[in-house]
Structure formats: C-alpha cells, structure tokens
>>> print(open('run38.csv').read())   # CSV, C-alpha atoms
chain,number,residue,atom,x,y,z
A,1,MET,CA,-132.3,68.4,-82.1
A,2,PHE,CA,-132.4,70.0,-78.6
A,3,THR,CA,-129.1,71.8,-78.0
A,4,PHE,CA,-128.3,74.5,-75.6
A,5,GLU,CA,-125.4,76.9,-75.7
A,6,ILE,CA,-123.8,79.5,-73.4
A,7,VAL,CA,-122.0,82.5,-74.6
A,8,ALA,CA,-119.9,84.1,-71.9
A,9,GLY,CA,-119.2,87.7,-71.4
A,10,GLY,CA,-115.7,87.7,-72.8
A,11,SER,CA,-116.9,86.2,-76.1
A,12,VAL,CA,-119.8,88.7,-76.2
A,13,ARG,CA,-117.4,91.5,-75.7
A,14,ASP,CA,-114.9,90.4,-78.3
A,15,VAL,CA,-117.7,90.0,-81.0
A,16,LEU,CA,-119.2,93.4,-80.3
A,17,ARG,CA,-115.9,95.2,-80.0
A,18,GLU,CA,-115.1,94.3,-83.6
A,19,SER,CA,-118.6,94.9,-85.0
A,20,ARG,CA,-119.8,98.3,-84.1
A,21,ARG,CA,-120.8,99.4,-87.6
A,22,GLU,CA,-122.6,96.1,-88.2
A,23,VAL,CA,-124.5,96.5,-84.8
A,24,MET,CA,-125.6,100.1,-85.7
A,25,ASP,CA,-126.9,98.9,-89.1
A,26,LEU,CA,-128.7,96.0,-87.3
A,27,VAL,CA,-130.3,98.4,-84.8
A,28,GLY,CA,-131.4,100.7,-87.5
A,29,ARG,CA,-133.0,97.9,-89.5
A,30,THR,CA,-134.7,96.5,-86.4
A,31,TYR,CA,-136.2,99.9,-85.6
A,32,ARG,CA,-137.7,99.9,-89.1
A,33,VAL,CA,-139.0,96.3,-88.8
A,34,HIS,CA,-140.5,97.2,-85.4
A,35,ASP,CA,-142.1,100.3,-86.8
A,36,ALA,CA,-143.6,98.3,-89.6
A,37,GLY,CA,-145.4,96.1,-87.1
A,38,GLN,CA,-143.4,93.0,-87.8
A,39,THR,CA,-142.3,92.4,-84.2
A,40,VAL,CA,-143.9,91.7,-80.8
A,41,ASN,CA,-142.5,93.8,-78.0
A,42,PRO,CA,-144.6,93.6,-74.9
A,43,ASP,CA,-144.2,96.0,-72.0
A,44,SER,CA,-141.2,95.6,-69.8
A,45,TYR,CA,-141.8,94.1,-66.4
A,46,PHE,CA,-140.2,95.7,-63.4
A,47,LEU,CA,-139.4,93.9,-60.2
A,48,ARG,CA,-138.8,96.4,-57.4
A,49,PHE,CA,-137.7,96.1,-53.8
A,50,PRO,CA,-139.3,98.1,-50.9
A,51,GLU,CA,-136.0,98.3,-49.1
A,52,LYS,CA,-134.0,99.3,-52.2
A,53,PRO,CA,-136.1,101.9,-54.1
A,54,ASP,CA,-133.2,102.7,-56.4
A,55,SER,CA,-132.8,99.1,-57.6
A,56,ARG,CA,-134.8,97.0,-60.0
A,57,ILE,CA,-134.7,93.9,-62.2
A,58,ILE,CA,-136.5,94.2,-65.5
A,59,ALA,CA,-137.8,91.5,-67.9
A,60,LEU,CA,-137.9,92.5,-71.6
A,61,PRO,CA,-139.6,89.8,-73.7
A,62,ALA,CA,-139.5,90.1,-77.5
A,63,PHE,CA,-140.3,88.3,-80.8
A,64,LEU,CA,-138.4,89.4,-83.9
A,65,GLY,CA,-141.1,87.9,-86.3
A,66,PRO,CA,-141.6,84.7,-88.3
A,67,GLU,CA,-138.8,85.6,-90.8
A,68,ALA,CA,-136.1,85.7,-88.0
A,69,GLY,CA,-137.8,82.8,-86.2
A,70,LEU,CA,-136.5,84.0,-82.8
A,71,ALA,CA,-138.1,84.9,-79.5
A,72,GLY,CA,-136.4,85.7,-76.2
A,73,ILE,CA,-136.1,87.6,-73.0
A,74,LYS,CA,-133.6,89.9,-71.4
A,75,TRP,CA,-133.4,89.8,-67.6
A,76,ILE,CA,-131.4,92.8,-66.5
A,77,ALA,CA,-130.7,94.1,-63.0
A,78,SER,CA,-129.9,97.7,-62.1
A,79,PHE,CA,-128.3,98.2,-58.7
A,80,PRO,CA,-126.7,101.7,-58.6
A,81,LYS,CA,-125.0,101.1,-55.3
A,82,ASN,CA,-122.8,98.6,-57.0
A,83,THR,CA,-120.7,101.5,-58.3
A,84,GLN,CA,-119.6,102.4,-54.8
A,85,SER,CA,-117.4,99.3,-54.7
A,86,GLY,CA,-116.3,99.8,-58.3
A,87,ALA,CA,-118.7,97.1,-59.8
A,88,PRO,CA,-120.9,97.9,-62.8
A,89,ARG,CA,-124.4,99.0,-62.0
A,90,ALA,CA,-126.1,96.6,-64.4
A,91,SER,CA,-125.9,92.8,-65.0
A,92,ALA,CA,-128.0,90.7,-67.3
A,93,VAL,CA,-128.6,87.5,-69.2
A,94,LEU,CA,-130.4,87.0,-72.5
A,95,VAL,CA,-132.3,83.8,-73.2
A,96,ILE,CA,-133.0,83.0,-76.9
A,97,ASN,CA,-135.9,80.7,-77.9
A,98,ASP,CA,-136.5,78.8,-81.1
A,99,TYR,CA,-139.7,79.9,-82.7
A,100,GLU,CA,-140.6,76.5,-84.1
A,101,THR,CA,-140.4,74.5,-80.8
A,102,GLY,CA,-140.3,77.2,-78.2
A,103,TYR,CA,-137.2,75.6,-76.7
A,104,PRO,CA,-134.5,77.9,-75.3
A,105,VAL,CA,-131.4,77.4,-77.5
A,106,ALA,CA,-128.9,79.8,-75.8
A,107,CYS,CA,-128.1,81.9,-72.8
A,108,LEU,CA,-125.8,84.9,-73.3
A,109,GLU,CA,-124.2,87.3,-70.9
A,110,ALA,CA,-126.3,90.4,-71.8
A,111,ALA,CA,-125.1,93.4,-69.8
A,112,THR,CA,-122.6,93.9,-72.7
A,113,ILE,CA,-125.3,93.3,-75.3
A,114,SER,CA,-127.6,95.8,-73.5
A,115,SER,CA,-124.9,98.4,-73.4
A,116,ALA,CA,-124.1,97.9,-77.0
A,117,ARG,CA,-127.6,98.1,-78.3
A,118,THR,CA,-128.2,101.2,-76.1
A,119,ALA,CA,-125.0,102.9,-77.4
A,120,ALA,CA,-125.8,101.9,-81.0
A,121,SER,CA,-129.3,103.4,-80.6
A,122,ALA,CA,-127.8,106.6,-79.4
A,123,ALA,CA,-125.3,106.7,-82.3
A,124,VAL,CA,-128.0,106.0,-84.9
A,125,ALA,CA,-130.0,108.8,-83.5
A,126,ALA,CA,-127.0,111.1,-83.4
A,127,ALA,CA,-126.3,110.6,-87.0
A,128,ALA,CA,-129.9,110.9,-88.1
A,129,LEU,CA,-130.7,114.0,-86.0
A,130,ARG,CA,-127.6,116.0,-86.8
A,131,PRO,CA,-127.1,115.1,-90.5
A,132,GLU,CA,-124.8,118.1,-91.1
A,133,GLY,CA,-122.3,116.4,-88.9
A,134,TYR,CA,-120.4,117.3,-85.7
A,135,ARG,CA,-117.4,119.3,-87.0
A,136,GLY,CA,-117.2,122.6,-85.0
A,137,THR,CA,-119.4,121.4,-82.2
A,138,THR,CA,-119.0,120.3,-78.5
A,139,THR,CA,-120.6,117.3,-77.0
A,140,ALA,CA,-121.2,117.0,-73.3
A,141,ILE,CA,-121.6,113.6,-71.5
A,142,VAL,CA,-123.6,113.8,-68.3
A,143,GLY,CA,-122.9,110.6,-66.3
A,144,ALA,CA,-119.7,108.7,-66.9
A,145,GLY,CA,-120.4,105.0,-66.4
A,146,VAL,CA,-120.1,102.0,-68.6
A,147,ILE,CA,-123.1,103.1,-70.8
A,148,ALA,CA,-121.5,106.5,-71.4
A,149,ARG,CA,-118.2,105.0,-72.4
A,150,ASN,CA,-120.0,102.7,-74.9
A,151,ILE,CA,-122.0,105.5,-76.3
A,152,CYS,CA,-118.8,107.5,-76.9
A,153,ASP,CA,-117.2,104.5,-78.7
A,154,TYR,CA,-120.3,104.1,-80.9
A,155,LEU,CA,-120.4,107.8,-81.6
A,156,GLN,CA,-116.9,107.5,-82.9
A,157,ALA,CA,-117.9,104.5,-85.0
A,158,ALA,CA,-120.8,106.5,-86.5
A,159,ASP,CA,-118.4,109.5,-87.4
A,160,CYS,CA,-120.2,111.7,-84.9
A,161,VAL,CA,-117.0,113.0,-83.2
A,162,PRO,CA,-117.1,116.6,-82.1
A,163,ASP,CA,-114.3,119.1,-81.9
A,164,SER,CA,-114.3,118.6,-78.1
A,165,TYR,CA,-116.0,116.9,-75.2
A,166,LEU,CA,-117.1,117.9,-71.8
A,167,VAL,CA,-117.7,115.3,-69.1
A,168,HIS,CA,-119.9,115.9,-66.0
A,169,ASP,CA,-120.3,113.3,-63.2
A,170,LEU,CA,-120.9,113.6,-59.5
A,171,HIS,CA,-118.1,111.0,-59.0
A,172,GLU,CA,-115.1,112.9,-60.1
A,173,PRO,CA,-112.8,109.8,-60.7
A,174,SER,CA,-115.4,108.4,-63.1
A,175,GLY,CA,-115.6,111.6,-65.0
A,176,GLN,CA,-111.8,111.9,-65.2
A,177,ALA,CA,-111.6,108.3,-66.4
A,178,LEU,CA,-114.1,108.9,-69.2
A,179,ALA,CA,-112.3,112.1,-70.2
A,180,GLU,CA,-109.0,110.3,-70.5
A,181,HIS,CA,-110.7,107.5,-72.5
A,182,LEU,CA,-112.0,110.1,-75.0
A,183,ARG,CA,-108.6,111.8,-75.3
A,184,THR,CA,-106.9,108.5,-75.9
A,185,THR,CA,-109.4,106.8,-78.3
A,186,GLN,CA,-110.8,109.8,-80.2
A,187,ARG,CA,-107.8,112.1,-80.1
A,188,VAL,CA,-109.9,115.2,-79.3
A,189,PRO,CA,-109.9,117.5,-76.3
A,190,ALA,CA,-112.0,116.2,-73.4
A,191,GLU,CA,-112.2,117.7,-69.9
A,192,LEU,CA,-114.2,117.2,-66.7
A,193,THR,CA,-116.5,120.0,-65.7
A,194,THR,CA,-118.0,120.1,-62.2
A,195,ASP,CA,-120.5,122.7,-63.4
A,196,LEU,CA,-123.7,121.1,-64.8
A,197,ALA,CA,-124.8,124.3,-66.5
A,198,THR,CA,-121.6,124.4,-68.5
A,199,ALA,CA,-122.2,120.8,-69.7
A,200,LEU,CA,-125.9,121.6,-70.5
A,201,ALA,CA,-124.8,124.5,-72.8
A,202,ALA,CA,-123.0,122.1,-75.2
A,203,ASP,CA,-124.2,121.6,-78.8
A,204,THR,CA,-125.0,118.0,-78.1
A,205,VAL,CA,-125.8,116.7,-74.6
A,206,VAL,CA,-125.8,113.0,-73.7
A,207,PHE,CA,-127.5,111.9,-70.5
A,208,ALA,CA,-126.4,108.5,-69.2
A,209,THR,CA,-127.1,108.8,-65.5
A,210,THR,CA,-128.9,106.8,-62.8
A,211,ALA,CA,-131.3,109.7,-62.0
A,212,LEU,CA,-134.7,108.7,-60.7
A,213,LYS,CA,-136.2,112.1,-60.8
A,214,PRO,CA,-135.8,115.2,-63.0
A,215,TYR,CA,-133.2,117.8,-62.0
A,216,VAL,CA,-132.8,119.7,-65.3
A,217,THR,CA,-135.4,122.5,-65.4
A,218,ARG,CA,-134.1,125.0,-67.9
A,219,PRO,CA,-135.1,124.4,-71.5
A,220,PHE,CA,-132.5,123.8,-74.2
A,221,ARG,CA,-131.8,126.4,-76.9
A,222,PRO,CA,-132.7,125.9,-80.6
A,223,GLY,CA,-130.2,123.7,-82.5
A,224,GLN,CA,-129.2,121.7,-79.4
A,225,LEU,CA,-129.5,117.9,-79.7
A,226,VAL,CA,-130.2,116.0,-76.5
A,227,LEU,CA,-129.7,112.2,-76.4
A,228,HIS,CA,-131.7,111.5,-73.2
A,229,ILE,CA,-130.6,107.9,-72.8
A,230,SER,CA,-131.3,107.7,-69.0
A,231,LEU,CA,-134.9,109.0,-69.5
A,232,ARG,CA,-135.5,110.7,-66.2
A,233,ASP,CA,-133.2,113.7,-66.1
A,234,LEU,CA,-135.5,116.3,-67.6
A,235,ALA,CA,-138.4,118.2,-66.1
A,236,PRO,CA,-141.7,118.2,-68.0
A,237,GLU,CA,-141.3,121.9,-69.0
A,238,VAL,CA,-137.9,121.0,-70.7
A,239,VAL,CA,-139.6,118.3,-72.7
A,240,LEU,CA,-142.5,120.4,-73.7
A,241,GLU,CA,-140.2,123.2,-75.1
A,242,ALA,CA,-138.5,120.7,-77.5
A,243,GLN,CA,-139.2,118.4,-80.4
A,244,ASN,CA,-139.4,114.9,-79.0
A,245,ILE,CA,-138.2,111.8,-80.9
A,246,LEU,CA,-138.9,108.5,-79.1
A,247,ASP,CA,-138.1,104.9,-80.0
A,248,ASP,CA,-141.6,103.7,-79.3
A,249,VAL,CA,-144.3,106.1,-78.1
A,250,ASP,CA,-146.4,103.7,-76.0
A,251,HIS,CA,-143.3,102.2,-74.4
A,252,CYS,CA,-141.6,105.5,-73.6
A,253,LEU,CA,-144.7,107.1,-72.0
A,254,LYS,CA,-144.7,105.0,-68.8
A,255,ALA,CA,-142.7,104.3,-65.7
A,256,ASP,CA,-142.3,108.1,-64.9
A,257,THR,CA,-139.9,108.8,-67.6
A,258,SER,CA,-139.6,112.5,-68.4
A,259,PRO,CA,-141.9,112.2,-71.5
A,260,HIS,CA,-144.4,110.3,-69.3
A,261,LEU,CA,-144.3,113.1,-66.8
A,262,ALA,CA,-144.9,115.6,-69.7
A,263,GLU,CA,-147.9,113.6,-70.8
A,264,GLN,CA,-149.2,113.5,-67.2
A,265,ALA,CA,-148.8,117.3,-66.9
A,266,THR,CA,-150.6,118.1,-70.1
A,267,GLY,CA,-153.0,115.2,-70.6
A,268,SER,CA,-151.8,115.0,-74.2
A,269,ARG,CA,-149.2,113.4,-76.4
A,270,ASP,CA,-149.1,116.4,-78.8
A,271,PHE,CA,-145.5,117.2,-77.7
A,272,VAL,CA,-144.3,113.9,-79.4
A,273,THR,CA,-142.8,114.8,-82.8
A,274,GLY,CA,-142.4,111.2,-83.9
A,275,THR,CA,-140.2,108.1,-83.7
A,276,LEU,CA,-136.6,107.5,-84.7
A,277,ALA,CA,-137.8,105.0,-87.3
A,278,GLY,CA,-139.9,107.8,-88.8
A,279,VAL,CA,-136.7,109.9,-89.0
A,280,LEU,CA,-134.8,107.1,-90.6
A,281,ASN,CA,-137.6,106.5,-93.1
A,282,GLY,CA,-137.8,110.2,-94.0
A,283,GLU,CA,-141.3,110.6,-92.6
A,284,VAL,CA,-140.2,112.9,-89.8
A,285,THR,CA,-137.9,115.9,-90.2
A,286,PRO,CA,-137.1,117.8,-87.0
A,287,ASP,CA,-137.2,121.6,-87.2
A,288,SER,CA,-133.8,123.1,-86.7
A,289,GLY,CA,-135.4,126.1,-85.0
A,290,ARG,CA,-136.1,124.1,-81.9
A,291,PRO,CA,-134.1,121.8,-79.6
A,292,VAL,CA,-134.4,118.1,-80.3
A,293,ILE,CA,-134.6,115.5,-77.6
A,294,PHE,CA,-134.2,111.8,-78.3
A,295,SER,CA,-135.7,109.6,-75.6
A,296,PRO,CA,-135.3,105.8,-76.1
A,297,PHE,CA,-137.1,103.6,-73.6
A,298,GLY,CA,-135.1,100.6,-74.9
A,299,LEU,CA,-136.8,97.8,-76.8
A,300,GLY,CA,-136.4,94.1,-76.2
A,301,VAL,CA,-136.4,93.4,-79.9
A,302,LEU,CA,-133.0,95.3,-80.1
A,303,ASP,CA,-131.5,93.1,-77.4
A,304,LEU,CA,-132.8,90.0,-79.2
A,305,ALA,CA,-131.5,91.1,-82.6
A,306,VAL,CA,-128.0,92.0,-81.3
A,307,GLY,CA,-128.0,88.8,-79.2
A,308,ALA,CA,-128.8,86.6,-82.2
A,309,PHE,CA,-126.0,88.3,-84.1
A,310,VAL,CA,-123.6,87.6,-81.2
A,311,LEU,CA,-124.7,84.0,-81.0
A,312,GLU,CA,-124.1,83.4,-84.7
A,313,ARG,CA,-120.6,84.9,-84.6
A,314,ALA,CA,-119.8,83.0,-81.4
A,315,ARG,CA,-120.8,79.8,-83.1
A,316,ARG,CA,-118.7,80.6,-86.1
A,317,ASP,CA,-115.7,81.5,-84.0
A,318,GLY,CA,-116.1,78.4,-81.8
A,319,THR,CA,-116.6,80.3,-78.6
A,320,ALA,CA,-120.3,79.3,-78.0
A,321,ILE,CA,-120.2,76.5,-75.3
A,322,GLU,CA,-122.6,73.7,-75.9
A,323,ILE,CA,-124.1,72.2,-72.7
A,324,PRO,CA,-124.7,68.4,-73.2
A,325,ASP,CA,-127.9,67.0,-71.8
A,326,PHE,CA,-129.2,70.4,-70.7
A,327,PHE,CA,-132.8,69.3,-71.1
A,328,GLY,CA,-133.9,66.5,-68.8
A,329,GLU,CA,-136.7,65.3,-71.1
A,330,THR,CA,-136.4,65.3,-74.9
A,331,ARG,CA,-139.1,62.8,-75.7
A,332,ARG,CA,-142.8,62.8,-74.7
A,333,TRP,CA,-142.8,59.0,-74.4
>>> encode(input="run38.csv", output="structure tokens")
Amino acid sequence: MFTFEIVAGGSVRDVLRESRREVMDLVGRTYRVHDAGQTVNPDSYFLRFPEKPDSRIIALPAFLGPEAGLAGIKWIASFPKNTQSGAPRASAVLVINDYETGYPVACLEAATISSARTAASAAVAAAALRPEGYRGTTTAIVGAGVIARNICDYLQAADCVPDSYLVHDLHEPSGQALAEHLRTTQRVPAELTTDLATALAADTVVFATTALKPYVTRPFRPGQLVLHISLRDLAPEVVLEAQNILDDVDHCLKADTSPHLAEQATGSRDFVTGTLAGVLNGEVTPDSGRPVIFSPFGLGVLDLAVGAFVLERARRDGTAIEIPDFFGETRRW
C-alpha cells in the first residue's frame, strides 16, 4: 500500500526529450483547468539568504484537483554564481503526494521538469500570441542558459521557428554555444550579438536571464511579441506601454516582478490585458497595434502535472526506482 519511488534526472530527461508535443498539450490543458478554478496553487515561498542576495530556494506547493488525485511540492534552488564554474544555476526536486492518504509516493529530479514546463509555457504562448506564424520573422534570445536552450527546443516543437535568431548574453561563450545549438538543431541562421539594442529590435524577444532589476527602459514597437520568462528585465514604463498577458494575475503581481513594479507605480492593474488561459479559450484577443508581453510567474500546478506525466512514463518504462521500506511506520497499531 505504501510505496515510494525515485525518478532520477537521466530518466526524467529521456522521458521529456521524447514528449515535447505531449508536454505542451498538457501545459495548455493545465492552464485551462487552473483558470476554471479546479486547482489549488498557493503562493510560492521564498527562502532568501542575507549573504547571498542573488540566491534563493523556492517552495511551490500545488494540488491538481480531485479528478487527478495528486498534490505535491517543488523545492527549487536558484544560485546564479553556479554558472561561473560551469554548473547549472537551478537544481530541484519534486515530491508527489497521494490525495487519498496524503503519503508521498515519489520524488523526482525536478530542475529538468521545471525547465520543461517553463519552456512549454513559453511555446504555448508563442503559438497562441502570434497565430499567423513565424515565417519572415527574427527571434532574439536574451540570456543563453539552460532555460533558453529548452525554450528554443520547445519553440521548434511548436512550429514557432523564425527565419533567423539573434542571441545576446553577457557571457559570450554561452551565447556562442546557444547560437551553435540553434544552427545545428533548427537549421536556420543564428548569430551572437553583443548589442542589446539590436536584440531588442527583433520581431520576437525572449528573456531568459537572471536579472534581479529592470534594465530595459525603451518600450517595444507595435507587433513585437515579448516572452518575458525571467520576469524582472523590463522597467514599468515598458510594461505600461504594452498589452500584458500573464499566467496568473495574483501570482505574477508580487516579488518585484516587472508587472508588480508597474502595479506599484500606477496603483492599478488596468494594464493587465488578461491571462494565457483567456487567450487559449478565445476570451482574450490581443490588439496587433500594440506590443504584447507574456509574463509567466510559473505555477506549481504545471510542475505537478508534468511531474505526474514523467512518473507514469518512468513506471511504464521500468526506470522508476522503488525504495523498499521507505516509511518507518505503516500501521497505527
């Protein structure tokens, strides 16, 4: 009755690598379920460190609803200085609990899951917010880490491949590596630019940085699509000049994200156009005469949905590792 399984990073990676279309469909459905009020997604909880102001560990609890019968929590660390030694910035685990008993049933390596759900979210938004497609356009990637690479892979899976890419990163080797990855995997021109303004002029701009404060102060032009995945790159005046699509309004307007700063500057949420679920449901149609910014805070229900998918596939493939006698007590008497 009380079993506990581990799914290691290699197994998680293998499942997700072969399932990008399915993950995007799952993320889209989960957005709709969440929008319909059928999930519980409490605030994220931030553990910060006085001596390391750029680092944090975040807890994201979530409940997918009685039909799914799953609850869980992602515990994800972000330590940007890891990248100086070539290690990824983020590391994480996801614990999944059974809704009937409350017992944890599995622990999965979750930095890969988190990256995949983030990238899938960006790709779902990219397809929905530029329905005419990406032929004849240029996409710029600002920030060239693991998340950026995954976003590019998911954009390809979503058929959101432009005619060319620009890559901008303060760490030139990282930027060159992502440009080479794009040339190799998507067979389109991709080059590094050291000029941020050149990147910001692209038809689509993807932000995947570790920025803590805004540095982009010039508004975007009508028709530009901005996938603001890293959330803190844009000054309030940039946000206020655009249409703003969020994943969850209450969640996104906190923790000094760019939309939160815009709310603080105006005392209003009138600049929020709607949610991605609203776009997917046909309830929100962005105006092509203004730039569009998608800012996803990141929802724990997405991690839980993708994690449950990975766990099911790992069980099927025989790569989920059962831990015998994990629980010390299985009877009350």
>>> closest_residue(input="run38.csv", among="A:Thr273, A:Thr118, A:Gln243, A:Thr3", to="Gly289 (chain A)", atoms="all atoms listed in the file")
A:Gln243
>>> residues_around(input="run38.csv", residues="Trp75 (chain A)", least_positions_apart="6", cutoff="8 Å", atoms="all atoms listed in the file", output="ChimeraX atom specification")
/A:57-60,92-94
>>> write_last_selection(input="run38.csv", atoms="C-alpha atoms", output="PDB file, in the coordinates of the input")
ATOM      1  CA  ILE A  57    -134.700  93.900 -62.200  1.00  0.00           C
ATOM      2  CA  ILE A  58    -136.500  94.200 -65.500  1.00  0.00           C
ATOM      3  CA  ALA A  59    -137.800  91.500 -67.900  1.00  0.00           C
ATOM      4  CA  LEU A  60    -137.900  92.500 -71.600  1.00  0.00           C
ATOM      5  CA  ALA A  92    -128.000  90.700 -67.300  1.00  0.00           C
ATOM      6  CA  VAL A  93    -128.600  87.500 -69.200  1.00  0.00           C
ATOM      7  CA  LEU A  94    -130.400  87.000 -72.500  1.00  0.00           C
TER       8      LEU A  94
END
>>> atom_distance(input="run38.csv", atom1="CA of Ile76 (chain A)", atom2="CA of Pro88 (chain A)")
12.2 Å
>>> closest_residue(input="run38.csv", among="A:His34, A:Lys52, A:Lys81, A:Arg20", to="Ala116 (chain A)", atoms="all atoms listed in the file")
A:Arg20
>>> closest_residue(input="run38.csv", among="A:Ala305, A:Ala68, A:Arg13, A:His228", to="Asp98 (chain A)", atoms="only C-alpha atoms")
A:Ala68
>>> residues_near_point(input="run38.csv", point="(-114.8, 118.6, -85.8)", cutoff="6 Å", atoms="only C-alpha atoms", output="number ranges by chain")
A: 134-136, 162-163
>>> write_last_selection(input="run38.csv", atoms="C-alpha atoms", output="PDB file, in the coordinates of the input")
ATOM      1  CA  TYR A 134    -120.400 117.300 -85.700  1.00  0.00           C
ATOM      2  CA  ARG A 135    -117.400 119.300 -87.000  1.00  0.00           C
ATOM      3  CA  GLY A 136    -117.200 122.600 -85.000  1.00  0.00           C
ATOM      4  CA  PRO A 162    -117.100 116.600 -82.100  1.00  0.00           C
ATOM      5  CA  ASP A 163    -114.300 119.100 -81.900  1.00  0.00           C
TER       6      ASP A 163
END
>>> residues_around(input="run38.csv", residues="region 256-261 of chain A", least_positions_apart="5", cutoff="9 Å", atoms="all atoms listed in the file", output="PDB file with C-alpha atoms, keeping the file's coordinate frame")
ATOM      1  CA  LEU A 212    -134.700 108.700 -60.700  1.00  0.00           C
ATOM      2  CA  LYS A 213    -136.200 112.100 -60.800  1.00  0.00           C
ATOM      3  CA  PRO A 214    -135.800 115.200 -63.000  1.00  0.00           C
ATOM      4  CA  SER A 230    -131.300 107.700 -69.000  1.00  0.00           C
ATOM      5  CA  LEU A 231    -134.900 109.000 -69.500  1.00  0.00           C
ATOM      6  CA  ARG A 232    -135.500 110.700 -66.200  1.00  0.00           C
ATOM      7  CA  ASP A 233    -133.200 113.700 -66.100  1.00  0.00           C
ATOM      8  CA  LEU A 234    -135.500 116.300 -67.600  1.00  0.00           C
ATOM      9  CA  ALA A 235    -138.400 118.200 -66.100  1.00  0.00           C
ATOM     10  CA  PRO A 236    -141.700 118.200 -68.000  1.00  0.00           C
ATOM     11  CA  VAL A 238    -137.900 121.000 -70.700  1.00  0.00           C
ATOM     12  CA  VAL A 239    -139.600 118.300 -72.700  1.00  0.00           C
ATOM     13  CA  LEU A 240    -142.500 120.400 -73.700  1.00  0.00           C
ATOM     14  CA  ASN A 244    -139.400 114.900 -79.000  1.00  0.00           C
ATOM     15  CA  LEU A 246    -138.900 108.500 -79.100  1.00  0.00           C
ATOM     16  CA  THR A 266    -150.600 118.100 -70.100  1.00  0.00           C
ATOM     17  CA  ARG A 269    -149.200 113.400 -76.400  1.00  0.00           C
ATOM     18  CA  PHE A 271    -145.500 117.200 -77.700  1.00  0.00           C
ATOM     19  CA  VAL A 272    -144.300 113.900 -79.400  1.00  0.00           C
ATOM     20  CA  SER A 295    -135.700 109.600 -75.600  1.00  0.00           C
ATOM     21  CA  PHE A 297    -137.100 103.600 -73.600  1.00  0.00           C
TER      22      PHE A 297
END
>>> closest_residue(input="run38.csv", among="A:Ala208, A:Cys152, A:Cys160, A:Leu47", to="Leu129 (chain A)", atoms="all atoms listed in the file")
A:Cys160
>>> atom_distance(input="run38.csv", atom1="CA of Ala197 (chain A)", atom2="CA of Ile141 (chain A)")
12.2 Å
>>> residues_around(input="run38.csv", residues="region 319-323 of chain A", least_positions_apart="4", cutoff="9 Å", atoms="all atoms listed in the file", output="PyMOL selection string")
chain A and resi 3-8+11+106+311-315
>>> closest_residue(input="run38.csv", among="A:Asp35, A:Glu22, A:Asp203, A:Glu237", to="Thr275 (chain A)", atoms="only C-alpha atoms")
A:Asp35
>>> atom_distance(input="run38.csv", atom1="CA of Leu200 (chain A)", atom2="CA of Leu182 (chain A)")
18.6 Å
>>> closest_residue(input="run38.csv", among="A:Leu178, A:Ala125, A:Leu302, A:Val12", to="Ile147 (chain A)", atoms="all atoms listed in the file")
A:Leu178
>>> residues_around(input="run38.csv", residues="region 164-168 of chain A", least_positions_apart="3", cutoff="12 Å", atoms="only C-alpha atoms", output="ChimeraX atom specification")
/A:134-145,148-149,152,155,160-161,171-183,186-209
>>> residues_around(input="run38.csv", residues="Pro66 (chain A)", least_positions_apart="4", cutoff="10 Å", atoms="all atoms listed in the file", output="ChimeraX atom specification")
/A:38-39,70-71,99-100
>>> decode(input="run38.csv", residues="region 140-164 of chain A", atoms="C-alpha atoms", output="short mmCIF file (atom, residue, chain, number, x, y, z; two decimals), in the first residue's frame")
data_model
loop_
_atom_site.label_atom_id
_atom_site.label_comp_id
_atom_site.auth_asym_id
_atom_site.auth_seq_id
_atom_site.Cartn_x
_atom_site.Cartn_y
_atom_site.Cartn_z
CA ALA A 140 16.09 37.20 -30.26
CA ILE A 141 17.07 35.22 -27.18
CA VAL A 142 18.34 37.38 -24.31
CA GLY A 143 20.10 35.10 -21.83
CA ALA A 144 21.64 31.87 -23.11
CA GLY A 145 21.42 29.36 -20.26
CA VAL A 146 19.67 26.01 -19.83
CA ILE A 147 16.18 27.57 -19.78
CA ALA A 148 16.88 29.45 -23.02
CA ARG A 149 18.06 26.30 -24.77
CA ASN A 150 14.94 24.44 -23.67
CA ILE A 151 12.70 27.29 -24.78
CA CYS A 152 14.28 27.15 -28.23
CA ASP A 153 13.75 23.39 -28.43
CA TYR A 154 10.10 23.79 -27.47
CA LEU A 155 9.60 26.65 -29.92
CA GLN A 156 10.78 24.26 -32.62
CA ALA A 157 8.38 21.57 -31.40
CA ALA A 158 5.56 24.14 -31.54
CA ASP A 159 6.44 25.10 -35.14
CA CYS A 160 7.41 28.60 -33.99
CA VAL A 161 10.72 28.66 -35.86
CA PRO A 162 11.68 32.07 -37.30
CA ASP A 163 13.80 32.75 -40.37
CA SER A 164 16.72 33.67 -38.10
#
